[in-house]
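With TSV, C-alpha atoms inside, this is start20.tsv:
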chain	number	residue	atom	x	y	z
A	267	MET	CA	57.22	-71.27	-21.65
A	268	LEU	CA	59.69	-73.99	-20.71
A	269	THR	CA	58.94	-76.78	-23.13
A	270	SER	CA	61.16	-79.75	-22.50
A	271	LEU	CA	63.57	-80.87	-25.21
A	272	TYR	CA	61.92	-84.30	-25.13
A	273	VAL	CA	60.62	-85.49	-28.51
A	274	GLU	CA	57.59	-87.78	-28.66
A	275	GLY	CA	58.38	-91.06	-30.31
A	276	SER	CA	58.61	-94.80	-29.99
A	277	SER	CA	62.03	-95.63	-31.41
A	278	TRP	CA	64.04	-98.38	-29.72
A	279	PHE	CA	66.13	-95.64	-28.09
A	280	HIS	CA	62.97	-94.10	-26.60
A	281	ARG	CA	62.14	-97.44	-25.00
A	282	LEU	CA	65.52	-97.97	-23.35
A	283	PRO	CA	65.51	-97.19	-19.62
A	284	VAL	CA	67.12	-93.87	-18.65
A	285	ARG	CA	69.74	-95.54	-16.53
A	286	ALA	CA	70.93	-97.65	-19.47
A	287	LYS	CA	71.19	-94.55	-21.65
A	288	LEU	CA	73.12	-92.56	-19.06
A	289	ILE	CA	75.52	-95.45	-18.41
A	290	ALA	CA	75.96	-95.86	-22.18
A	291	LEU	CA	76.78	-92.14	-22.45
A	292	LEU	CA	79.36	-92.45	-19.68
A	293	LEU	CA	80.96	-95.57	-21.19
A	294	LEU	CA	80.93	-94.03	-24.66
A	295	SER	CA	82.74	-90.92	-23.48
A	296	LEU	CA	85.32	-92.96	-21.57
A	297	SER	CA	86.01	-95.24	-24.52
A	298	LEU	CA	86.06	-92.46	-27.13
A	299	PHE	CA	88.57	-90.49	-25.08
A	300	ALA	CA	90.72	-93.60	-24.75
A	301	THR	CA	91.25	-93.95	-28.49
A	302	GLN	CA	92.94	-91.84	-31.15
A	303	SER	CA	92.17	-94.15	-34.04
A	304	LEU	CA	90.10	-92.70	-36.87
A	305	TYR	CA	89.01	-96.25	-37.75
A	306	LEU	CA	87.12	-96.37	-34.45
A	307	LEU	CA	86.09	-92.71	-34.14
A	308	ALA	CA	84.65	-92.30	-37.64
A	309	PRO	CA	82.20	-95.23	-37.30
A	310	ALA	CA	81.27	-94.03	-33.80
A	311	PHE	CA	80.53	-90.58	-35.24
A	312	LEU	CA	78.42	-92.06	-38.05
A	313	PHE	CA	76.53	-94.33	-35.66
A	314	CYS	CA	75.74	-91.54	-33.16
A	315	GLY	CA	74.73	-89.21	-36.00
A	316	TRP	CA	72.44	-91.86	-37.48
A	317	LEU	CA	70.99	-92.52	-34.01
A	318	TYR	CA	70.29	-88.84	-33.42
A	319	PHE	CA	68.70	-88.19	-36.79
A	320	SER	CA	66.55	-91.33	-36.61
A	321	LEU	CA	64.59	-90.12	-33.56
A	322	GLY	CA	61.75	-88.57	-35.54
A	323	MET	CA	62.72	-84.88	-35.55
A	324	THR	CA	62.65	-82.85	-38.74
A	325	LEU	CA	66.12	-82.00	-40.00
A	326	ARG	CA	65.63	-78.37	-39.01
A	327	GLN	CA	64.59	-79.15	-35.45
A	328	ALA	CA	67.45	-81.60	-35.09
A	329	LEU	CA	70.04	-79.10	-36.33
A	330	ALA	CA	68.64	-76.22	-34.26
A	331	ARG	CA	69.31	-78.17	-31.06
A	332	ILE	CA	72.95	-78.95	-31.71
A	333	GLY	CA	73.93	-76.24	-34.18
A	334	PHE	CA	75.46	-73.95	-31.60
A	335	VAL	CA	77.61	-76.65	-30.01
A	336	PHE	CA	78.76	-77.89	-33.43
A	337	PHE	CA	79.63	-74.37	-34.47
A	338	THR	CA	81.95	-74.06	-31.44
A	339	ILE	CA	83.53	-77.46	-32.14
A	340	LEU	CA	84.19	-76.56	-35.78
A	341	VAL	CA	85.65	-73.15	-34.92
A	342	LEU	CA	88.01	-74.78	-32.41
A	343	ALA	CA	88.90	-77.47	-34.96
A	344	ALA	CA	89.74	-74.72	-37.46
A	345	VAL	CA	92.07	-73.15	-34.89
A	346	ASN	CA	93.59	-76.56	-34.16
A	347	LEU	CA	94.46	-77.02	-37.86
A	348	PHE	CA	97.16	-74.40	-37.44
A	349	LEU	CA	98.58	-76.04	-34.32
A	350	LEU	CA	98.16	-79.80	-34.67
A	351	PRO	CA	98.57	-82.43	-37.41
A	352	PHE	CA	95.43	-83.08	-39.46
A	353	PRO	CA	94.61	-86.67	-38.32
A	354	GLU	CA	94.69	-85.53	-34.71
A	355	VAL	CA	92.33	-82.60	-35.40
A	356	ALA	CA	89.96	-84.94	-37.24
A	357	ALA	CA	90.04	-87.42	-34.34
A	358	LEU	CA	89.31	-84.69	-31.77
A	359	ALA	CA	86.43	-83.21	-33.75
A	360	LEU	CA	84.84	-86.57	-34.61
A	361	ARG	CA	85.03	-87.75	-31.00
A	362	LEU	CA	83.37	-84.61	-29.67
A	363	MET	CA	80.68	-84.51	-32.32
A	364	ALA	CA	79.87	-88.19	-31.72
A	365	LEU	CA	79.48	-87.47	-28.00
A	366	VAL	CA	77.29	-84.44	-28.63
A	367	PHE	CA	75.07	-86.47	-30.99
A	368	PHE	CA	74.69	-89.20	-28.40
A	369	ALA	CA	74.05	-86.80	-25.52
A	370	ALA	CA	71.45	-84.93	-27.60
A	371	ALA	CA	69.82	-88.27	-28.42
A	372	VAL	CA	69.54	-89.11	-24.70
A	373	THR	CA	67.99	-85.70	-23.99
A	374	ALA	CA	65.53	-86.01	-26.87
A	375	THR	CA	64.28	-89.44	-25.79
A	376	THR	CA	63.99	-88.99	-22.03
A	377	THR	CA	61.13	-87.22	-20.28
A	378	ILE	CA	61.71	-84.86	-17.37
A	379	SER	CA	59.89	-87.21	-15.00
A	380	ALA	CA	62.11	-90.13	-16.05
A	381	PHE	CA	65.17	-88.01	-15.36
A	382	MET	CA	63.72	-86.98	-12.00
A	383	ASP	CA	63.15	-90.60	-10.97
A	384	GLU	CA	66.77	-91.36	-11.83
A	385	ILE	CA	68.02	-88.32	-9.91
A	386	THR	CA	66.06	-89.43	-6.86
A	387	VAL	CA	67.84	-92.80	-7.03
A	388	LEU	CA	71.23	-91.08	-7.42
A	389	LEU	CA	70.53	-88.84	-4.43
A	390	LYS	CA	69.64	-91.76	-2.14
A	391	PRO	CA	73.21	-92.29	-0.85
A	392	LEU	CA	73.55	-88.56	-0.08
A	393	GLU	CA	70.23	-88.67	1.73
A	394	ARG	CA	71.36	-91.62	3.83
A	395	MET	CA	74.47	-89.66	4.79
A	396	GLY	CA	72.16	-86.89	5.97
A	397	LEU	CA	73.55	-84.36	3.49
A	398	LEU	CA	70.29	-83.51	1.78
A	399	ASN	CA	66.71	-84.47	1.33
A	400	ALA	CA	65.76	-85.86	-2.11
A	401	ALA	CA	62.25	-84.48	-1.71
A	402	ASP	CA	63.74	-80.98	-1.27
A	403	VAL	CA	65.42	-81.27	-4.66
A	404	SER	CA	62.15	-82.10	-6.42
A	405	LEU	CA	60.40	-79.36	-4.46
A	406	ALA	CA	63.04	-76.83	-5.55
A	407	LEU	CA	62.77	-77.95	-9.19
A	408	GLY	CA	59.01	-77.63	-9.04
A	409	LEU	CA	59.32	-74.13	-7.56
A	410	VAL	CA	61.62	-73.03	-10.40
A	411	LEU	CA	59.23	-74.29	-13.07
A	412	ARG	CA	56.28	-72.74	-11.26
A	413	PHE	CA	57.87	-69.31	-10.88
A	414	VAL	CA	59.66	-68.75	-14.19
A	415	PRO	CA	56.49	-67.50	-15.96
A	416	ASP	CA	55.67	-65.21	-13.00
A	417	ILE	CA	59.14	-63.72	-12.94
A	418	PHE	CA	59.09	-63.25	-16.71
A	419	ALA	CA	55.75	-61.44	-16.41
A	420	ARG	CA	57.35	-59.23	-13.76
A	421	TYR	CA	60.25	-58.47	-16.11
A	422	GLU	CA	57.76	-57.46	-18.81
A	423	ALA	CA	55.93	-55.22	-16.33
A	424	ILE	CA	59.16	-53.46	-15.30
A	425	ARG	CA	60.02	-52.99	-18.97
A	426	GLU	CA	56.61	-51.51	-19.69
A	427	ALA	CA	57.04	-49.18	-16.72
A	428	HIS	CA	60.33	-48.00	-18.22
A	429	ARG	CA	58.66	-47.45	-21.57
A	430	ALA	CA	55.77	-45.53	-20.05
A	431	ARG	CA	58.23	-43.12	-18.47
A	432	GLY	CA	60.32	-42.83	-21.63
A	433	LEU	CA	63.37	-44.39	-19.95
A	434	PRO	CA	65.86	-46.40	-21.99
A	435	ILE	CA	65.73	-50.14	-21.27
A	436	ARG	CA	69.04	-51.10	-19.69
A	437	PRO	CA	69.92	-54.35	-17.93
A	438	LEU	CA	71.13	-52.42	-14.92
A	439	THR	CA	67.90	-50.58	-14.22
A	440	ILE	CA	65.85	-53.74	-14.73
A	441	ILE	CA	67.84	-56.42	-12.88
A	442	GLY	CA	67.86	-54.67	-9.48
A	443	PRO	CA	64.07	-54.26	-9.15
A	444	LEU	CA	63.47	-57.68	-10.73
A	445	ILE	CA	65.64	-59.41	-8.12
A	446	ILE	CA	64.34	-57.44	-5.14
A	447	LEU	CA	60.68	-57.95	-6.10
A	448	THR	CA	61.22	-61.66	-6.70
A	449	LEU	CA	63.25	-62.45	-3.59
A	450	LYS	CA	60.80	-60.49	-1.42
A	451	ASP	CA	58.28	-63.23	-2.24
A	452	ALA	CA	60.51	-65.85	-0.61
A	453	ASP	CA	59.10	-65.38	2.89
A	454	THR	CA	55.49	-65.68	1.74
A	455	ILE	CA	56.23	-68.80	-0.30
A	456	ALA	CA	58.26	-70.35	2.52
A	457	ALA	CA	55.44	-69.68	4.98
A	458	ALA	CA	52.93	-71.25	2.58
A	459	ILE	CA	55.11	-74.36	2.18
A	460	ASP	CA	55.53	-74.75	5.93
A	461	ALA	CA	51.83	-74.12	6.59
A	462	ARG	CA	50.95	-77.01	4.28
A	463	GLY	CA	53.55	-79.23	5.92
A	464	PHE	CA	55.31	-80.16	2.66
A	465	ARG	CA	58.65	-80.52	4.41
A	466	ARG	CA	58.37	-82.61	7.54
A	467	GLN	CA	61.57	-82.25	9.46
B	258	MET	CA	68.61	-75.63	5.55
B	259	ASN	CA	65.32	-73.94	6.34
B	260	THR	CA	62.43	-73.52	3.94
B	261	ARG	CA	63.27	-69.89	3.27
B	262	ASP	CA	66.76	-70.84	2.05
B	263	LEU	CA	65.25	-73.49	-0.19
B	264	VAL	CA	62.83	-70.97	-1.68
B	265	LEU	CA	65.53	-68.33	-2.15
B	266	ILE	CA	67.66	-70.89	-4.02
B	267	ALA	CA	64.76	-71.90	-6.27
B	268	LEU	CA	63.71	-68.30	-6.93
B	269	PHE	CA	67.25	-67.29	-7.83
B	270	ALA	CA	67.58	-70.22	-10.22
B	271	ALA	CA	64.29	-69.05	-11.77
B	272	ILE	CA	65.68	-65.51	-12.08
B	273	VAL	CA	68.69	-66.90	-13.95
B	274	VAL	CA	66.32	-68.71	-16.33
B	275	VAL	CA	64.45	-65.45	-16.95
B	276	LEU	CA	67.72	-63.57	-17.54
B	277	GLY	CA	68.34	-66.09	-20.34
B	278	LEU	CA	65.02	-65.20	-21.96
B	279	ILE	CA	65.96	-61.53	-22.18
B	280	PRO	CA	67.30	-60.80	-25.68
B	281	PRO	CA	71.06	-60.11	-25.62
B	282	ILE	CA	72.24	-56.54	-25.95
B	283	THR	CA	75.13	-55.78	-28.28
B	284	LEU	CA	77.18	-52.77	-27.39
B	285	GLY	CA	78.65	-50.76	-30.21
B	286	PHE	CA	82.24	-50.77	-29.02
B	287	ILE	CA	82.80	-54.44	-28.18
B	288	PRO	CA	81.87	-57.38	-30.36
B	289	VAL	CA	80.61	-59.61	-27.54
B	290	PRO	CA	76.85	-59.63	-26.94
B	291	ILE	CA	75.96	-59.05	-23.31
B	292	THR	CA	73.63	-61.81	-22.24
B	293	ALA	CA	72.22	-61.09	-18.85
B	294	GLN	CA	72.44	-64.76	-17.96
B	295	SER	CA	76.21	-65.02	-17.65
B	296	MET	CA	76.05	-62.28	-15.02
B	297	GLY	CA	73.95	-64.66	-12.95
B	298	VAL	CA	77.00	-66.27	-11.34
B	299	MET	CA	78.26	-62.94	-10.05
B	300	LEU	CA	74.77	-61.86	-8.98
B	301	ALA	CA	74.05	-65.15	-7.17
B	302	GLY	CA	77.20	-65.03	-5.05
B	303	CYS	CA	76.89	-61.31	-4.29
B	304	ILE	CA	73.18	-61.36	-3.47
B	305	ILE	CA	72.33	-64.63	-1.72
B	306	GLY	CA	75.83	-65.64	-0.60
B	307	ALA	CA	78.20	-68.57	-1.14
B	308	LYS	CA	76.20	-71.60	-0.11
B	309	ARG	CA	72.82	-70.58	-1.45
B	310	GLY	CA	74.35	-69.11	-4.61
B	311	ALA	CA	76.21	-72.33	-5.38
B	312	LEU	CA	73.09	-74.42	-4.73
B	313	ALA	CA	71.03	-72.13	-6.98
B	314	PHE	CA	73.48	-72.89	-9.78
B	315	LEU	CA	73.58	-76.63	-9.04
B	316	LEU	CA	69.81	-76.53	-9.43
B	317	PHE	CA	70.16	-74.56	-12.65
B	318	VAL	CA	72.67	-77.07	-14.09
B	319	LEU	CA	70.28	-79.85	-13.10
B	320	LEU	CA	67.60	-78.10	-15.20
B	321	VAL	CA	70.03	-78.02	-18.13
B	322	ALA	CA	70.91	-81.69	-17.67
B	323	ILE	CA	67.34	-82.97	-17.60
B	324	GLY	CA	66.62	-81.31	-20.92
B	325	LEU	CA	64.98	-77.97	-20.22
B	326	PRO	CA	66.03	-75.21	-22.64
B	327	VAL	CA	67.05	-72.83	-19.87
B	328	LEU	CA	70.35	-71.57	-21.31
B	329	SER	CA	70.20	-68.31	-23.24
B	330	GLY	CA	69.06	-68.86	-26.82
B	331	GLY	CA	66.85	-71.76	-25.77
B	332	ARG	CA	69.74	-74.19	-25.44
B	333	GLY	CA	69.91	-77.04	-22.96
B	334	GLY	CA	70.25	-80.77	-22.61
B	335	LEU	CA	73.18	-83.08	-22.11
B	336	ALA	CA	74.64	-82.10	-25.50
B	337	VAL	CA	75.69	-78.69	-24.16
B	338	LEU	CA	77.40	-80.32	-21.18
B	339	ALA	CA	79.19	-82.79	-23.48
B	340	GLY	CA	80.34	-79.99	-25.79
B	341	PRO	CA	83.47	-77.83	-25.53
B	342	SER	CA	82.01	-75.27	-23.13
B	343	GLY	CA	80.65	-77.85	-20.68
B	344	GLY	CA	83.38	-76.87	-18.19
B	345	PHE	CA	82.07	-73.33	-18.00
B	346	ILE	CA	78.58	-74.56	-17.19
B	347	LEU	CA	79.75	-77.06	-14.58
B	348	GLY	CA	82.10	-74.39	-13.20
B	349	TRP	CA	79.24	-71.97	-12.50
B	350	ALA	CA	78.42	-73.42	-9.09
B	351	VAL	CA	82.06	-73.20	-7.93
B	352	ALA	CA	82.34	-69.68	-9.34
B	353	ALA	CA	79.17	-68.60	-7.51
B	354	TYR	CA	80.54	-70.14	-4.29
B	355	VAL	CA	83.83	-68.25	-4.49
B	356	THR	CA	82.02	-65.02	-5.39
B	357	GLY	CA	79.82	-65.51	-2.35
B	358	ILE	CA	82.72	-66.24	0.01
B	359	ILE	CA	84.47	-63.02	-0.99
B	360	ALA	CA	81.30	-60.94	-0.83
B	361	GLU	CA	80.45	-62.31	2.62
B	362	ARG	CA	83.96	-61.48	3.87
B	363	PHE	CA	84.22	-57.98	2.46
B	364	ILE	CA	80.75	-56.49	2.64
B	365	HIS	CA	79.37	-55.29	5.95
B	366	GLU	CA	76.63	-52.95	6.97
B	367	GLY	CA	77.80	-49.49	7.84
B	368	GLN	CA	80.70	-49.48	5.39
B	369	SER	CA	81.07	-46.59	3.03
B	370	GLU	CA	79.27	-47.04	-0.25
B	371	SER	CA	82.47	-47.08	-2.26
B	372	ARG	CA	83.94	-49.90	-0.14
B	373	GLN	CA	80.84	-51.94	-0.79
B	374	PHE	CA	81.11	-51.30	-4.53
B	375	GLY	CA	84.77	-52.32	-4.33
B	376	GLY	CA	83.96	-55.52	-2.44
B	377	PHE	CA	81.23	-56.59	-4.85
B	378	PHE	CA	83.44	-55.83	-7.85
B	379	LEU	CA	86.34	-57.84	-6.40
B	380	ALA	CA	84.01	-60.77	-5.65
B	381	SER	CA	82.50	-60.66	-9.15
B	382	VAL	CA	85.88	-60.51	-10.89
B	383	VAL	CA	87.61	-63.21	-8.83
B	384	GLY	CA	84.64	-65.59	-8.72
B	385	GLY	CA	82.90	-64.87	-11.99
B	386	ILE	CA	85.98	-64.41	-14.17
B	387	VAL	CA	89.18	-65.86	-12.58
B	388	VAL	CA	87.64	-68.99	-11.06
B	389	LEU	CA	85.22	-69.59	-13.94
B	390	TYR	CA	87.93	-69.37	-16.63
B	391	GLY	CA	90.25	-71.34	-14.35
B	392	ILE	CA	87.85	-74.26	-14.68
B	393	GLY	CA	86.39	-73.67	-18.15
B	394	VAL	CA	89.56	-73.06	-20.14
B	395	PRO	CA	91.56	-76.17	-19.04
B	396	TRP	CA	88.40	-78.22	-19.57
B	397	LEU	CA	87.96	-76.84	-23.08
B	398	SER	CA	91.61	-77.48	-23.81
B	399	ALA	CA	91.38	-81.07	-22.54
B	400	VAL	CA	88.20	-81.85	-24.48
B	401	THR	CA	89.01	-80.20	-27.81
B	402	GLY	CA	92.77	-80.73	-27.79
B	403	THR	CA	93.41	-77.04	-28.40
B	404	PRO	CA	96.67	-76.28	-26.58
B	405	LEU	CA	96.03	-74.58	-23.24
B	406	LEU	CA	97.90	-71.43	-24.19
B	407	ALA	CA	95.89	-70.99	-27.40
B	408	ALA	CA	92.61	-71.61	-25.57
B	409	ALA	CA	93.57	-69.08	-22.89
B	410	THR	CA	94.61	-66.47	-25.45
B	411	GLY	CA	91.37	-66.99	-27.35
B	412	SER	CA	89.25	-66.44	-24.29
B	413	LEU	CA	90.95	-63.08	-23.64
B	414	ALA	CA	88.52	-61.74	-26.25
B	415	PHE	CA	85.69	-62.26	-23.75
B	416	ILE	CA	87.39	-60.52	-20.83
B	417	PRO	CA	86.32	-56.92	-21.67
B	418	GLY	CA	82.70	-58.05	-21.88
B	419	ASP	CA	83.06	-59.92	-18.60
B	420	LEU	CA	84.53	-56.90	-16.85
B	421	LEU	CA	81.56	-54.89	-18.03
B	422	LYS	CA	79.27	-57.62	-16.66
B	423	ALA	CA	81.12	-57.50	-13.36
B	424	ALA	CA	80.52	-53.74	-13.24
B	425	ILE	CA	76.80	-54.16	-13.94
B	426	ALA	CA	76.57	-57.00	-11.39
B	427	THR	CA	78.33	-54.80	-8.82
B	428	LEU	CA	75.85	-51.97	-9.27
B	429	ALA	CA	72.87	-54.35	-9.20
B	430	ALA	CA	74.17	-56.29	-6.17
B	431	ARG	CA	74.78	-53.10	-4.24
B	432	ALA	CA	71.29	-51.83	-5.13
B	433	VAL	CA	69.77	-55.06	-3.83
B	434	TYR	CA	72.01	-54.97	-0.74
B	435	ALA	CA	70.81	-51.45	0.04
B	436	GLY	CA	67.15	-52.26	-0.62
B	437	TYR	CA	66.79	-55.82	0.58
B	438	PRO	CA	69.95	-57.32	2.14
B	439	LEU	CA	70.14	-61.11	2.00
B	440	LEU	CA	73.89	-61.71	2.14
B	441	PRO	CA	74.65	-63.92	5.16
B	442	VAL	CA	76.83	-62.34	7.81
B	443	ARG	CA	80.13	-64.15	8.30
B	444	ALA	CA	81.60	-64.16	11.76

How does this structure look as C-alpha cells?
Amino acid sequence: MLTSLYVEGSSWFHRLPVRAKLIALLLLSLSLFATQSLYLLAPAFLFCGWLYFSLGMTLRQALARIGFVFFTILVLAAVNLFLLPFPEVAALALRLMALVFFAAAVTATTTISAFMDEITVLLKPLERMGLLNAADVSLALGLVLRFVPDIFARYEAIREAHRARGLPIRPLTIIGPLIILTLKDADTIAAAIDARGFRRQ
Amino acid sequence: MNTRDLVLIALFAAIVVVLGLIPPITLGFIPVPITAQSMGVMLAGCIIGAKRGALAFLLFVLLVAIGLPVLSGGRGGLAVLAGPSGGFILGWAVAAYVTGIIAERFIHEGQSESRQFGGFFLASVVGGIVVLYGIGVPWLSAVTGTPLLAAATGSLAFIPGDLLKAAIATLAARAVYAGYPLLPVRA
C-alpha cells in the first residue's frame, strides 16, 4: 500500500552516500538563494533537470512525481508576472524548479533504510541530551507502516456498513468511529510492546 | 513518554496517512476539494493533545521526507518540502501543538456540550488556520518571491473550505471526546 518513492537503479547518483546527497541539497539551496543571476540559475536548472530525468524513470513516472509541485510554481510565477519584472520572475521560478528537481532526485535514489540510518545519526546528539530515544523513533515509524493497511481496512469496513444501511458516506460520520476504533487499540499494542521488552527504560 | 503515548502518536500518524487515501470530496458550493487529510492537524490537537499531536505530525513529516507517498494524491518526498508549500507541511506540527494547547485549556469534563463545541472550534480555527497560514504564507512568499500581501490575498480563497474543515473537525473531536476521551488534563 505504501510503496516507497525509491527507484531501483545504479546511476552514479544512486551510489552516492545519503549524507553527501543531503549536504549537497542543503548547499545547493543556500547557494541558489544567494544568487539572482540567470547565468547561474539557468545552468543549475538544466543540470538538476538532466540529473532527475537520467535516473531511469519513464518520462510519465518522472512527471507524475513532480507535476503537482511544478504546477504550483508555474501558477505563482504567472501571478508574479503582474507584480515583478520578468528577469526576476524567471530567476525565482528557475531556482525553485532546480531545487525541486534535485530534491526529487535525492528521494528517488535513496532507500527508506538508508534514510533511517541517517536519521539515527542525526538523532544521536538529541539522545545524548536525554531528549528522546532514537530507537523509539524507528519503533514509531515501524508502527505507522504496520498499521496503515489495518486502519484502511477499517475505513473500508465502516464505509461498507454505511452502504449496507443506505446511509450517505460523509467524512463526519466516518472519521469519528475510525479514530475511536483505532485509538482504542493503543492500550493493547502498548501492552504487547512492553510485554516483549522492546523498550528497555 | 510511556509506551502508550508512543503508540497513540504512531496510530494517529497512521490515521492521517489513511485520511490521505480517502478520495477528496468536492462540495457544490465551494471550489475547494475537501481532503480529509488537511483536517488532521485540527483533529490531532483536539483529540490527543498538544504534545502528542505535534509529535504525531513530526512523525508524519518524517514519513514525507524519507520518500513515502503519504500526502493526499500519493505525493511525498523531499521535492514537496522544497516546493512552494513546504512551509505549510513543516508548519503542521506547530499548528497541531497550538490547537492542542487551546483544546487542553478550554475543554473540561462536565462542561455543557455547546461550550465543548465552542472550545474545539476555537482551537481548530486558531491552530489549524491562523497559526498554519501564519507560517505557510510568509514561507511561500519568501520562497517564490510573490509579495506577502498577494500571497495572503490568494490564500483567502482557501479560508471558507478551512472553516468547513474546522467545523467537521469540531464535531468529530467532540464525538471522540464523548466516546473515548484522550485529551490530557491541564492543571

Would you kindly report the residues of chain B within 8 Å of chain A, using all atoms listed in the file, as a tab-separated table (two decimals) with C-alpha atoms, in the frame of the given file?
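Dumped to selection-v2.tsv:
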chain	number	residue	atom	x	y	z
B	260	THR	CA	62.43	-73.52	3.94
B	261	ARG	CA	63.27	-69.89	3.27
B	263	LEU	CA	65.25	-73.49	-0.19
B	264	VAL	CA	62.83	-70.97	-1.68
B	265	LEU	CA	65.53	-68.33	-2.15
B	266	ILE	CA	67.66	-70.89	-4.02
B	267	ALA	CA	64.76	-71.90	-6.27
B	268	LEU	CA	63.71	-68.30	-6.93
B	269	PHE	CA	67.25	-67.29	-7.83
B	270	ALA	CA	67.58	-70.22	-10.22
B	271	ALA	CA	64.29	-69.05	-11.77
B	272	ILE	CA	65.68	-65.51	-12.08
B	274	VAL	CA	66.32	-68.71	-16.33
B	275	VAL	CA	64.45	-65.45	-16.95
B	293	ALA	CA	72.22	-61.09	-18.85
B	316	LEU	CA	69.81	-76.53	-9.43
B	320	LEU	CA	67.60	-78.10	-15.20
B	323	ILE	CA	67.34	-82.97	-17.60
B	324	GLY	CA	66.62	-81.31	-20.92
B	325	LEU	CA	64.98	-77.97	-20.22
B	326	PRO	CA	66.03	-75.21	-22.64
B	327	VAL	CA	67.05	-72.83	-19.87
B	332	ARG	CA	69.74	-74.19	-25.44
B	333	GLY	CA	69.91	-77.04	-22.96
B	334	GLY	CA	70.25	-80.77	-22.61
B	335	LEU	CA	73.18	-83.08	-22.11
B	336	ALA	CA	74.64	-82.10	-25.50
B	337	VAL	CA	75.69	-78.69	-24.16
B	339	ALA	CA	79.19	-82.79	-23.48
B	340	GLY	CA	80.34	-79.99	-25.79
B	341	PRO	CA	83.47	-77.83	-25.53
B	400	VAL	CA	88.20	-81.85	-24.48
B	401	THR	CA	89.01	-80.20	-27.81
B	402	GLY	CA	92.77	-80.73	-27.79
B	403	THR	CA	93.41	-77.04	-28.40
B	404	PRO	CA	96.67	-76.28	-26.58
B	425	ILE	CA	76.80	-54.16	-13.94
B	426	ALA	CA	76.57	-57.00	-11.39
B	428	LEU	CA	75.85	-51.97	-9.27
B	429	ALA	CA	72.87	-54.35	-9.20
B	430	ALA	CA	74.17	-56.29	-6.17
B	432	ALA	CA	71.29	-51.83	-5.13
B	433	VAL	CA	69.77	-55.06	-3.83
B	436	GLY	CA	67.15	-52.26	-0.62
B	437	TYR	CA	66.79	-55.82	0.58

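Between atom CA of B:Leu413 and atom CA of B:Ala353 the separation is 20.7 Å.
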
Discussion item. If we draw a sphere of 12 Å around (75.3, -62.0, -2.8), which residues have at least one atom in it when counting only C-alpha atoms? Please report them as a ChimeraX atom specification.
Written reply: /A:445 /B:265-266,269,297-311,313,353-365,373,376-378,380-381,384,426-435,437-442

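Across the model, the gap from atom CA of A:Gly396 to atom CA of A:Ala461 is 24.0 Å.
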
Fill in: Separation of atom CA of B:Gly277 from atom CA of B:Met258, in Å and rounded to one decimal
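Computing it gives 27.6 Å between the two atoms.
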
Let me have the centre and edge lengths in Å, one decimal, of the box along x, y and z around every listed atom of stretch 409-414 of chain B with 4 Å of margin on each side, as JSON.
{"center_x": 91.6, "center_y": -65.4, "center_z": -25.1, "size_x": 14.1, "size_y": 15.3, "size_z": 12.5}

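Closest approach to A:Leu304 among A:Val284, A:Ala356, A:Ala290, A:Val273: A:Ala356, based on only C-alpha atoms.
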
Worksheet item: Given the choices A:Phe311, A:Tyr305, A:Trp316, A:Phe352, which gets closest to A:Phe279 if the distance is worked out from all atoms listed in the file?
Response: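 Among the listed residues, A:Trp316 lies closest to A:Phe279.
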
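Residues lying within 9 Å of (61.5, -94.8, -31.1). Counted over all atoms listed in the file, they are Glu274, Gly275, Ser276, Ser277, Trp278, Phe279, His280, Arg281, Ser320, Leu321, Gly322 and Thr375 of chain A.
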
Hey, can you spit out that residue selection with C-alpha atoms as a short mmCIF file (atom, residue, chain, number, x, y, z; two decimals), in the coordinates of the input?
data_model
loop_
_atom_site.label_atom_id
_atom_site.label_comp_id
_atom_site.auth_asym_id
_atom_site.auth_seq_id
_atom_site.Cartn_x
_atom_site.Cartn_y
_atom_site.Cartn_z
CA GLU A 274 57.59 -87.78 -28.66
CA GLY A 275 58.38 -91.06 -30.31
CA SER A 276 58.61 -94.80 -29.99
CA SER A 277 62.03 -95.63 -31.41
CA TRP A 278 64.04 -98.38 -29.72
CA PHE A 279 66.13 -95.64 -28.09
CA HIS A 280 62.97 -94.10 -26.60
CA ARG A 281 62.14 -97.44 -25.00
CA SER A 320 66.55 -91.33 -36.61
CA LEU A 321 64.59 -90.12 -33.56
CA GLY A 322 61.75 -88.57 -35.54
CA THR A 375 64.28 -89.44 -25.79
#
